[in-house]
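Please read the structure below before turning to the comments.
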Amino acid sequence: MKPPAFAYERPQSLNEALEVLAREGAEARPLAGGQSLIPMLALRLARPTVLVDLGGIAGLDELSLEDGTLVAGAMVRQRRLERDPLVAQHLPLLAAATRLVGHPAIRNRGTLGGSLAHADPSAEYPAVALALEAELVIRGPSGERSVPAREFFLGPFTTALADGELLTAVRFPLPSAATGWGIAEVARRHGDFALAGAVTLLERAADGTCVRAAIALFGVATRPVRATAAEQALVGQPLTVETFREAAARATEAIDEPLSDVHGSAAYRKQIVPVVVRRALEAAAQRLQAT
Amino acid sequence: MERVPITVTVNGRRISAVVEPRMTLADFLREELGLTGTKLGCEHGVCGSCTVLWDGAAVRSCLVLAAQADGANITTIEGLATDGTLHPVQQAFWEAHALQCGFCTPGMVLTAVALLAENPNPSEEEIREALSGNLCRCTGYQNIVRAVQLAARHERAGT
């Protein structure tokens with residue numbers, strides 16, 4: 001259970017990091033919080049020749065509010081997202097999702113960007129980014145580009161990041177004041193990866209019906225997916241338990257390639273998807289009522 | 001592979017060393033510094049036995065490289081007692097019979113120390129949540145939770 005040998009670089013600037021990645025090619029791996037990468041090294045599932053530690057680069061761990069958008073640096077630690085007053089006030093969904101990530105000792109080191117770039121299909125942050133239609137800010141040798149979450153997650157542990165590119169920040173658009181949110185998951189033990197999970201956003205019109213719904217599923221497909229049929233079943237409808245039940249039943253239509261492993265079969269995961277969707281919708285509706 | 005120079009403070013002692021990049025902080029503490037109180041159970045971040053304090057926060061020393069710890073302030077189980085007097089959390093573990101084989105104990109104690117530093121009056125649920133990443137193979141969880149509650153009472157009472 002010891003990692004294979006690799007070289008270690010700790011660049012002091014983003015440009016220096018990009019230079020190292022360009023020089024070392026596909027066998028170099030960026031190291032953020034390391035809470036997924038180091039186990040993969042120990043299990044020898046990954047064998048990079050060089051680790052490029054992003055921990056020495058200033059400016060990648062900033063949190064700010066810009067025109068209705070929460071901008072979070074890729075190296076912001078998960079523990080901070082859990083407790084930061086700015087996040088608590090403007091995007092409590094992100095704090096709630098963070099509390100479902102691993103355990104406190106993991107979150108003390110783990111980062112937002114590391115989790116997103118790792119793209120575990122069972123992870124919470126990718127689904128949060130997808131539900132909020134976040135933009136992922138990427139820097140590479142040819143400059144900066146921005147990729148919407150729906151185009152970023154391509155498959156298990158696979159993203160739109162090319163070799164030599166780094167995720168530097170995430171731009172989360174803040175939901176309107178008339179929006180409620182929910183997150184629910186089923187896991188074997190607290191802190192385990194989800195066997196099925198859902199992130200929901202419900203926007204309510206003045207007449208009390210739903211004007212916009214976002215439902216992102218995680219832990220059930222090869223990447224986080226939006227349950228569009230279920231979303232459409234909610235729009236224009238009153239926010240009632242019956243509506244949620246009917247919409248939740250349609251959530252499985254979004255799952256094209258179901259995950260199936262020793263922790264949970266595809267059939268089991270599909271069976272609990274409507275349950276987590278309904279719970280997350282009810283949580284969103286309750287938060288709307290509380291406002 | 002080119003070795004990496006680091007300077008790290010461990011239990012108040014400033015240490016300079018040159019480490020292999022792949023050496024984890026846990027192996028550095030155990031093999032290079034002889035601080036074998038830090039236990040290695042799973043070595044991939046599941047069991048919590050190797051938990052240490054990094055600038056006061058609980059982290060898994062098997063999931064950080066020694067090279068990353070350059071400049072960090074690390075506390076291991078060896079750094080808790082002062083002049084032969086147990087730390088209040090250690091004392092409470094003793095009094096509440098919160099250890100059987102003792103393998104998970106250093107990780108449990110340090111996780112509890114981190115919890116009480118930020119939340120001196122945790123509920124039972126908060127204690128269980130904080131300890132959820134630490135496995136006890138003897139399954140002695142009831143007394144571990146009681147020990148943390150006892151430590152919290154002692155610390156609040158200033159004893």
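Here, A, B, ... name the chains of the structure tokens in the order displayed, residue numbers run from 1 inside each chain, and ligands are numbered from 1 in the same displayed order.
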Proximity check chain A to chain B, 7 Å, nearest pairs one decimal Å, only C-alpha atoms, as JSON lines:
```
{"residue": "A:Met1", "atom": "CA", "partner": "B:Glu43", "partner_atom": "CA", "distance": 6.2}
{"residue": "A:Pro3", "atom": "CA", "partner": "B:Arg22", "partner_atom": "CA", "distance": 6.0}
{"residue": "A:Pro4", "atom": "CA", "partner": "B:Arg22", "partner_atom": "CA", "distance": 6.9}
{"residue": "A:Ala5", "atom": "CA", "partner": "B:Arg22", "partner_atom": "CA", "distance": 5.8}
{"residue": "A:Phe6", "atom": "CA", "partner": "B:Arg22", "partner_atom": "CA", "distance": 6.4}
{"residue": "A:Ala7", "atom": "CA", "partner": "B:Met1", "partner_atom": "CA", "distance": 5.6}
{"residue": "A:Tyr8", "atom": "CA", "partner": "B:Pro21", "partner_atom": "CA", "distance": 5.7}
{"residue": "A:Gly34", "atom": "CA", "partner": "B:Leu63", "partner_atom": "CA", "distance": 6.6}
{"residue": "A:Gln35", "atom": "CA", "partner": "B:Leu63", "partner_atom": "CA", "distance": 6.0}
{"residue": "A:Ile38", "atom": "CA", "partner": "B:Leu63", "partner_atom": "CA", "distance": 5.6}
{"residue": "A:Pro39", "atom": "CA", "partner": "B:His44", "partner_atom": "CA", "distance": 4.5}
{"residue": "A:Ala42", "atom": "CA", "partner": "B:His44", "partner_atom": "CA", "distance": 6.4}
{"residue": "A:His103", "atom": "CA", "partner": "B:Gly133", "partner_atom": "CA", "distance": 5.3}
{"residue": "A:Pro104", "atom": "CA", "partner": "B:Ala130", "partner_atom": "CA", "distance": 6.5}
{"residue": "A:Ala105", "atom": "CA", "partner": "B:Val59", "partner_atom": "CA", "distance": 4.5}
{"residue": "A:Ile106", "atom": "CA", "partner": "B:Val59", "partner_atom": "CA", "distance": 6.6}
{"residue": "A:Asn108", "atom": "CA", "partner": "B:Val59", "partner_atom": "CA", "distance": 6.5}
{"residue": "A:Arg109", "atom": "CA", "partner": "B:Val59", "partner_atom": "CA", "distance": 6.9}
{"residue": "A:His190", "atom": "CA", "partner": "B:Ser132", "partner_atom": "CA", "distance": 6.9}
```
Let's see if you can do this: from backbone DSSP, list all alpha helix (DSSP H) residues in region 36-201 of chain A, as a PDB file with N, CA and C atoms, in the first residue's frame.
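Printed below is selection.pdb as written:
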```pdb
ATOM      1  N   LEU A  37      -6.589  11.278  -5.053  1.00  0.00           N
ATOM      2  CA  LEU A  37      -5.404  10.880  -5.830  1.00  0.00           C
ATOM      3  C   LEU A  37      -4.446  10.018  -5.000  1.00  0.00           C
ATOM      4  N   ILE A  38      -4.220  10.380  -3.743  1.00  0.00           N
ATOM      5  CA  ILE A  38      -3.231   9.610  -2.962  1.00  0.00           C
ATOM      6  C   ILE A  38      -3.709   8.183  -2.698  1.00  0.00           C
ATOM      7  N   PRO A  39      -5.010   7.952  -2.370  1.00  0.00           N
ATOM      8  CA  PRO A  39      -5.450   6.549  -2.320  1.00  0.00           C
ATOM      9  C   PRO A  39      -5.253   5.820  -3.650  1.00  0.00           C
ATOM     10  N   MET A  40      -5.487   6.521  -4.768  1.00  0.00           N
ATOM     11  CA  MET A  40      -5.308   5.863  -6.070  1.00  0.00           C
ATOM     12  C   MET A  40      -3.845   5.499  -6.306  1.00  0.00           C
ATOM     13  N   LEU A  41      -2.948   6.336  -5.760  1.00  0.00           N
ATOM     14  CA  LEU A  41      -1.515   6.014  -5.858  1.00  0.00           C
ATOM     15  C   LEU A  41      -1.198   4.812  -4.980  1.00  0.00           C
ATOM     16  N   ALA A  42      -1.743   4.827  -3.748  1.00  0.00           N
ATOM     17  CA  ALA A  42      -1.463   3.742  -2.807  1.00  0.00           C
ATOM     18  C   ALA A  42      -1.972   2.410  -3.354  1.00  0.00           C
ATOM     19  N   GLN A  78     -12.692  22.023   1.138  1.00  0.00           N
ATOM     20  CA  GLN A  78     -14.099  21.677   1.365  1.00  0.00           C
ATOM     21  C   GLN A  78     -14.565  22.146   2.741  1.00  0.00           C
ATOM     22  N   ARG A  79     -13.697  22.039   3.716  1.00  0.00           N
ATOM     23  CA  ARG A  79     -14.053  22.435   5.080  1.00  0.00           C
ATOM     24  C   ARG A  79     -14.459  23.904   5.130  1.00  0.00           C
ATOM     25  N   ARG A  80     -13.827  24.715   4.281  1.00  0.00           N
ATOM     26  CA  ARG A  80     -14.159  26.134   4.266  1.00  0.00           C
ATOM     27  C   ARG A  80     -15.541  26.353   3.630  1.00  0.00           C
ATOM     28  N   LEU A  81     -15.846  25.619   2.579  1.00  0.00           N
ATOM     29  CA  LEU A  81     -17.155  25.762   1.941  1.00  0.00           C
ATOM     30  C   LEU A  81     -18.271  25.383   2.913  1.00  0.00           C
ATOM     31  N   GLU A  82     -17.943  24.455   3.792  1.00  0.00           N
ATOM     32  CA  GLU A  82     -18.897  23.990   4.786  1.00  0.00           C
ATOM     33  C   GLU A  82     -19.229  25.097   5.785  1.00  0.00           C
ATOM     34  N   ARG A  83     -18.271  25.986   6.046  1.00  0.00           N
ATOM     35  CA  ARG A  83     -18.432  26.913   7.161  1.00  0.00           C
ATOM     36  C   ARG A  83     -18.350  28.389   6.792  1.00  0.00           C
ATOM     37  N   PRO A  85     -19.110  32.037   5.883  1.00  0.00           N
ATOM     38  CA  PRO A  85     -20.363  32.797   5.969  1.00  0.00           C
ATOM     39  C   PRO A  85     -20.910  33.227   4.605  1.00  0.00           C
ATOM     40  N   LEU A  86     -20.023  33.507   3.662  1.00  0.00           N
ATOM     41  CA  LEU A  86     -20.461  33.926   2.322  1.00  0.00           C
ATOM     42  C   LEU A  86     -21.241  32.785   1.651  1.00  0.00           C
ATOM     43  N   VAL A  87     -20.735  31.570   1.791  1.00  0.00           N
ATOM     44  CA  VAL A  87     -21.405  30.402   1.204  1.00  0.00           C
ATOM     45  C   VAL A  87     -22.716  30.149   1.938  1.00  0.00           C
ATOM     46  N   ALA A  88     -22.678  30.236   3.276  1.00  0.00           N
ATOM     47  CA  ALA A  88     -23.877  29.980   4.075  1.00  0.00           C
ATOM     48  C   ALA A  88     -24.989  30.945   3.706  1.00  0.00           C
ATOM     49  N   GLN A  89     -24.615  32.185   3.440  1.00  0.00           N
ATOM     50  CA  GLN A  89     -25.631  33.203   3.151  1.00  0.00           C
ATOM     51  C   GLN A  89     -26.163  33.097   1.730  1.00  0.00           C
ATOM     52  N   HIS A  90     -25.275  32.873   0.766  1.00  0.00           N
ATOM     53  CA  HIS A  90     -25.690  32.986  -0.639  1.00  0.00           C
ATOM     54  C   HIS A  90     -25.901  31.649  -1.342  1.00  0.00           C
ATOM     55  N   PRO A  92     -26.285  28.164   0.332  1.00  0.00           N
ATOM     56  CA  PRO A  92     -26.269  27.133   1.388  1.00  0.00           C
ATOM     57  C   PRO A  92     -26.297  25.711   0.829  1.00  0.00           C
ATOM     58  N   LEU A  93     -26.803  25.543  -0.399  1.00  0.00           N
ATOM     59  CA  LEU A  93     -26.769  24.221  -1.032  1.00  0.00           C
ATOM     60  C   LEU A  93     -25.346  23.678  -1.098  1.00  0.00           C
ATOM     61  N   LEU A  94     -24.400  24.563  -1.412  1.00  0.00           N
ATOM     62  CA  LEU A  94     -22.999  24.120  -1.538  1.00  0.00           C
ATOM     63  C   LEU A  94     -22.458  23.671  -0.177  1.00  0.00           C
ATOM     64  N   ALA A  95     -22.838  24.378   0.884  1.00  0.00           N
ATOM     65  CA  ALA A  95     -22.396  23.978   2.228  1.00  0.00           C
ATOM     66  C   ALA A  95     -23.030  22.649   2.622  1.00  0.00           C
ATOM     67  N   ALA A  96     -24.317  22.486   2.308  1.00  0.00           N
ATOM     68  CA  ALA A  96     -25.009  21.241   2.666  1.00  0.00           C
ATOM     69  C   ALA A  96     -24.418  20.062   1.896  1.00  0.00           C
ATOM     70  N   ALA A  97     -24.122  20.266   0.621  1.00  0.00           N
ATOM     71  CA  ALA A  97     -23.530  19.188  -0.185  1.00  0.00           C
ATOM     72  C   ALA A  97     -22.166  18.815   0.376  1.00  0.00           C
ATOM     73  N   THR A  98     -21.422  19.816   0.848  1.00  0.00           N
ATOM     74  CA  THR A  98     -20.080  19.570   1.369  1.00  0.00           C
ATOM     75  C   THR A  98     -20.120  18.656   2.585  1.00  0.00           C
ATOM     76  N   PRO A 104     -14.916  14.812   8.214  1.00  0.00           N
ATOM     77  CA  PRO A 104     -14.222  16.088   8.466  1.00  0.00           C
ATOM     78  C   PRO A 104     -12.725  16.055   8.134  1.00  0.00           C
ATOM     79  N   ALA A 105     -12.045  14.951   8.476  1.00  0.00           N
ATOM     80  CA  ALA A 105     -10.601  14.906   8.221  1.00  0.00           C
ATOM     81  C   ALA A 105     -10.297  14.916   6.723  1.00  0.00           C
ATOM     82  N   ILE A 106     -11.201  14.356   5.926  1.00  0.00           N
ATOM     83  CA  ILE A 106     -11.045  14.398   4.465  1.00  0.00           C
ATOM     84  C   ILE A 106     -11.294  15.818   3.981  1.00  0.00           C
ATOM     85  N   ARG A 107     -12.357  16.438   4.523  1.00  0.00           N
ATOM     86  CA  ARG A 107     -12.730  17.769   4.042  1.00  0.00           C
ATOM     87  C   ARG A 107     -11.726  18.833   4.456  1.00  0.00           C
ATOM     88  N   LEU A 112     -12.492  21.841  -3.595  1.00  0.00           N
ATOM     89  CA  LEU A 112     -13.612  21.907  -4.540  1.00  0.00           C
ATOM     90  C   LEU A 112     -13.147  21.457  -5.931  1.00  0.00           C
ATOM     91  N   GLY A 113     -12.062  22.078  -6.402  1.00  0.00           N
ATOM     92  CA  GLY A 113     -11.596  21.800  -7.766  1.00  0.00           C
ATOM     93  C   GLY A 113     -11.096  20.378  -7.923  1.00  0.00           C
ATOM     94  N   GLY A 114     -10.459  19.868  -6.877  1.00  0.00           N
ATOM     95  CA  GLY A 114      -9.966  18.496  -6.945  1.00  0.00           C
ATOM     96  C   GLY A 114     -11.102  17.515  -7.134  1.00  0.00           C
ATOM     97  N   SER A 115     -12.185  17.718  -6.395  1.00  0.00           N
ATOM     98  CA  SER A 115     -13.332  16.822  -6.508  1.00  0.00           C
ATOM     99  C   SER A 115     -13.962  16.921  -7.899  1.00  0.00           C
ATOM    100  N   LEU A 116     -14.097  18.141  -8.410  1.00  0.00           N
ATOM    101  CA  LEU A 116     -14.716  18.315  -9.727  1.00  0.00           C
ATOM    102  C   LEU A 116     -13.849  17.718 -10.832  1.00  0.00           C
ATOM    103  N   ALA A 117     -12.536  17.951 -10.752  1.00  0.00           N
ATOM    104  CA  ALA A 117     -11.643  17.452 -11.806  1.00  0.00           C
ATOM    105  C   ALA A 117     -11.496  15.936 -11.724  1.00  0.00           C
ATOM    106  N   HIS A 118     -11.655  15.384 -10.523  1.00  0.00           N
ATOM    107  CA  HIS A 118     -11.585  13.931 -10.346  1.00  0.00           C
ATOM    108  C   HIS A 118     -12.813  13.266 -10.977  1.00  0.00           C
ATOM    109  N   GLU A 124     -20.669  14.461  -4.906  1.00  0.00           N
ATOM    110  CA  GLU A 124     -21.736  15.452  -4.770  1.00  0.00           C
ATOM    111  C   GLU A 124     -21.495  16.714  -5.607  1.00  0.00           C
ATOM    112  N   TYR A 125     -20.263  17.237  -5.562  1.00  0.00           N
ATOM    113  CA  TYR A 125     -20.020  18.543  -6.205  1.00  0.00           C
ATOM    114  C   TYR A 125     -20.358  18.572  -7.702  1.00  0.00           C
ATOM    115  N   PRO A 126     -20.003  17.519  -8.464  1.00  0.00           N
ATOM    116  CA  PRO A 126     -20.361  17.578  -9.894  1.00  0.00           C
ATOM    117  C   PRO A 126     -21.866  17.756 -10.105  1.00  0.00           C
ATOM    118  N   ALA A 127     -22.683  17.096  -9.274  1.00  0.00           N
ATOM    119  CA  ALA A 127     -24.139  17.225  -9.418  1.00  0.00           C
ATOM    120  C   ALA A 127     -24.603  18.627  -9.019  1.00  0.00           C
ATOM    121  N   VAL A 128     -23.955  19.194  -7.991  1.00  0.00           N
ATOM    122  CA  VAL A 128     -24.298  20.563  -7.584  1.00  0.00           C
ATOM    123  C   VAL A 128     -23.980  21.537  -8.725  1.00  0.00           C
ATOM    124  N   ALA A 129     -22.810  21.342  -9.336  1.00  0.00           N
ATOM    125  CA  ALA A 129     -22.404  22.214 -10.451  1.00  0.00           C
ATOM    126  C   ALA A 129     -23.383  22.074 -11.617  1.00  0.00           C
ATOM    127  N   LEU A 130     -23.824  20.854 -11.869  1.00  0.00           N
ATOM    128  CA  LEU A 130     -24.737  20.601 -12.987  1.00  0.00           C
ATOM    129  C   LEU A 130     -26.112  21.208 -12.714  1.00  0.00           C
ATOM    130  N   ALA A 131     -26.609  21.067 -11.500  1.00  0.00           N
ATOM    131  CA  ALA A 131     -27.927  21.612 -11.165  1.00  0.00           C
ATOM    132  C   ALA A 131     -27.924  23.133 -11.245  1.00  0.00           C
ATOM    133  N   LEU A 132     -26.833  23.755 -10.782  1.00  0.00           N
ATOM    134  CA  LEU A 132     -26.755  25.225 -10.760  1.00  0.00           C
ATOM    135  C   LEU A 132     -26.310  25.806 -12.099  1.00  0.00           C
ATOM    136  N   ALA A 149     -20.968  23.256 -16.893  1.00  0.00           N
ATOM    137  CA  ALA A 149     -20.903  21.964 -16.199  1.00  0.00           C
ATOM    138  C   ALA A 149     -21.455  20.837 -17.073  1.00  0.00           C
ATOM    139  N   ARG A 150     -22.501  21.127 -17.861  1.00  0.00           N
ATOM    140  CA  ARG A 150     -23.122  20.038 -18.639  1.00  0.00           C
ATOM    141  C   ARG A 150     -22.173  19.510 -19.729  1.00  0.00           C
ATOM    142  N   GLU A 151     -21.131  20.305 -20.061  1.00  0.00           N
ATOM    143  CA  GLU A 151     -20.171  19.831 -21.066  1.00  0.00           C
ATOM    144  C   GLU A 151     -18.865  19.371 -20.424  1.00  0.00           C
ATOM    145  N   PHE A 152     -18.773  19.498 -19.099  1.00  0.00           N
ATOM    146  CA  PHE A 152     -17.496  19.221 -18.430  1.00  0.00           C
ATOM    147  C   PHE A 152     -17.348  17.754 -18.056  1.00  0.00           C
TER     148      PHE A 152
END
```
When you look at Gln90 (chain B) with a cut-off of 12 Å (counting only C-alpha atoms), what residues show up, excluding the ones that are within fewer than 4 positions of it in the same chain? I need them as a CSV table (one decimal) with C-alpha atoms, in the first residue's frame.
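Final file, part-v7.csv:
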```
chain,number,residue,atom,x,y,z
B,77,ILE,CA,-0.6,11.5,19.9
B,78,GLU,CA,2.9,11.8,21.4
B,79,GLY,CA,2.5,15.5,21.6
B,80,LEU,CA,-0.7,15.6,23.7
B,81,ALA,CA,0.5,14.8,27.2
B,82,THR,CA,2.5,17.5,29.0
B,84,GLY,CA,3.6,13.2,32.3
B,85,THR,CA,0.1,14.5,32.6
B,86,LEU,CA,-2.5,13.1,30.2
B,94,TRP,CA,-9.0,6.1,30.2
B,95,GLU,CA,-11.8,6.9,32.7
B,96,ALA,CA,-14.6,5.9,30.3
B,97,HIS,CA,-12.8,2.7,29.2
B,98,ALA,CA,-12.9,4.0,25.6
B,99,LEU,CA,-10.1,1.6,24.4
B,102,GLY,CA,-6.0,0.6,21.4
B,105,THR,CA,-7.2,5.2,19.9
B,106,PRO,CA,-4.6,7.8,18.7
B,107,GLY,CA,-6.8,8.6,15.7
B,108,MET,CA,-9.9,8.8,17.9
B,109,VAL,CA,-8.3,10.9,20.5
B,110,LEU,CA,-6.8,13.4,18.0
B,111,THR,CA,-10.1,13.6,16.1
B,112,ALA,CA,-11.9,14.3,19.4
B,113,VAL,CA,-9.2,17.0,20.3
B,144,ILE,CA,-15.6,6.3,22.8
B,147,ALA,CA,-15.3,9.5,26.7
B,148,VAL,CA,-15.6,12.5,24.4
B,150,LEU,CA,-16.7,13.3,29.6
B,151,ALA,CA,-13.7,15.2,28.1
B,152,ALA,CA,-16.0,18.0,27.1
B,154,HIS,CA,-14.0,18.2,32.2
B,155,GLU,CA,-12.7,20.8,29.8
```
Would you pick out the contacts of Ala221 (chain A) at 6 Å or less, using only C-alpha atoms, so that residues sharing its chain but fewer than 2 positions from it are not included, and give the list as a list in words?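 So, after excluding close chain neighbours, the residues are Arg223, Ile255, Glu257, Pro258 and Leu259 of chain A.
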